[in-house]
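Accompanying notes for the structure given below.
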Amino acid sequence: MPGADTAGTTGATTADGATSGATDGAAAGDAITALPGMTQPGDTVATTEADGGTGSSTLDLLIAGGPIVGVLGVLSVIATAIILLKIWHFLSAGLGNGRKLARAVDRAVREGPEAGRAALDGVTHPGTDVIRTVLDGRLHGVPEPALREEAERIGLERVESLRSHLRALELMGGIAPLLGLLGTVLGMITVFQTLETAGSAVDPSQLSGGIWEALLTTAVGLIVAIPCVVAHAWLDRRVERAAHVIEDSATRLFVSRDMIRQAGDGRRPAAIHGGGMAPDLRTARAAGPSA
């Protein structure tokens, strides 16, 4: 019938228009979504996962190292604390004021104990107490042998205080690579046990993964040890320098008194050599740092 055919044709045309409209709308939506600078939901999720991947990968590395890496981490924290503590100790003790102490000693030699005592005011250095003790003893008439013994005792006490905790830092620098090597050996043992269990069906990816996890502990051990060794060498050198300044200052005071006394007796002054408390301080430096 003509009416039915017309109705069918009209319905088909309408359906095709709706389909075409839906297709065009979807294409327009895709075009809008794909415009440059617009973030898509999938991209946001991927970006978030990528941002958190760095922290998780670092944590995975530390976990893969096992308990040895944990021990090395504790050692690194302790070593950092010791280094910062010693830097603060040296700054507060005034290790950089060696020239000021030397000028005060020069004044004491030229002008006498009272002038030297006044020159020591405001000078912060481990050797200040040594020089002050000698000058005060001379002002009060204390015998020279007793002054030498007391100056030696105070000087050794100050040097020993400067060496505190350096032995522990040296020990950490020595055992950190050994702990790393121990972790590597234990990891390689685990790898070969896995190979033995797997037999002929060996997965190369598991083998390589086990090897790099084992080598990780050695790398961490070296990372901890190298700063410890460098810091210990620098700190120990500062202590040696301070001990030399104390030794030199005290020796100059005692030798100058001996030379003045010999000149007063009409004898030729003896040549200046390492007298006073120099031998004992040299022995203290050679003994190395204390714990």
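By convention here, the chains of the structure tokens are called A, B, ... in the order presented, each chain's residues are numbered starting at 1, and ligands are numbered starting at 1 in the order presented.
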
Filtered DSSP result for segment 69-286 of chain A, state alpha helix (DSSP H), as a PyMOL selection string = chain A and resi 69-93+98-111+113-119+128-139+144-162+166-198+204-264+278-286

Contacts of Ile83 of chain A within 9 Å, only C-alpha atoms, excl. fewer than 6 positions in-chain, as a PyMOL selection string | chain A and resi 166+169+228+231-232+235

With N, CA, C and O atoms retained, could you export that selection as an mmCIF file, in the first residue's frame?
data_model
loop_
_atom_site.group_PDB
_atom_site.id
_atom_site.type_symbol
_atom_site.label_atom_id
_atom_site.label_comp_id
_atom_site.auth_asym_id
_atom_site.auth_seq_id
_atom_site.Cartn_x
_atom_site.Cartn_y
_atom_site.Cartn_z
ATOM 1 N N LEU A 166 85.541 10.273 67.688
ATOM 2 C CA LEU A 166 86.206 10.069 66.403
ATOM 3 C C LEU A 166 86.500 8.592 66.156
ATOM 4 O O LEU A 166 86.505 8.141 65.012
ATOM 5 N N LEU A 169 83.431 7.061 64.661
ATOM 6 C CA LEU A 169 83.275 7.426 63.249
ATOM 7 C C LEU A 169 84.240 6.630 62.376
ATOM 8 O O LEU A 169 83.875 6.178 61.276
ATOM 9 N N CYS A 228 82.117 8.800 55.780
ATOM 10 C CA CYS A 228 82.671 8.596 57.124
ATOM 11 C C CYS A 228 84.193 8.707 57.110
ATOM 12 O O CYS A 228 84.789 9.346 57.987
ATOM 13 N N ALA A 231 85.219 12.433 56.402
ATOM 14 C CA ALA A 231 84.952 13.294 57.556
ATOM 15 C C ALA A 231 85.915 12.986 58.696
ATOM 16 O O ALA A 231 86.401 13.904 59.376
ATOM 17 N N HIS A 232 86.215 11.711 58.913
ATOM 18 C CA HIS A 232 87.146 11.362 59.985
ATOM 19 C C HIS A 232 88.535 11.920 59.716
ATOM 20 O O HIS A 232 89.202 12.435 60.635
ATOM 21 N N LEU A 235 88.371 15.760 60.403
ATOM 22 C CA LEU A 235 88.235 16.070 61.826
ATOM 23 C C LEU A 235 89.504 15.714 62.595
ATOM 24 O O LEU A 235 89.927 16.465 63.489
#

Figure out the distance between atom CA of Leu179 of chain A and atom CA of Gly66 of chain A, please, to one decimal in Å.
->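 Answer for the atom CA of Gly66 of chain A to atom CA of Leu179 of chain A separation: 11.8 Å.
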
Pick out the closest residue to Ala151 of chain A from this set: A:Leu135, A:Ala168, A:Leu181, A:Val224. Count only C-alpha atoms.
->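 Looking at the shortest contact to Ala151 of chain A, the residue is A:Leu135.
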
Spatial neighbours of Trp88 of chain A, 12 Å, only C-alpha atoms, chain gap at least 6 places, as a PyMOL selection string | chain A and resi 81-82+94-95+162+235
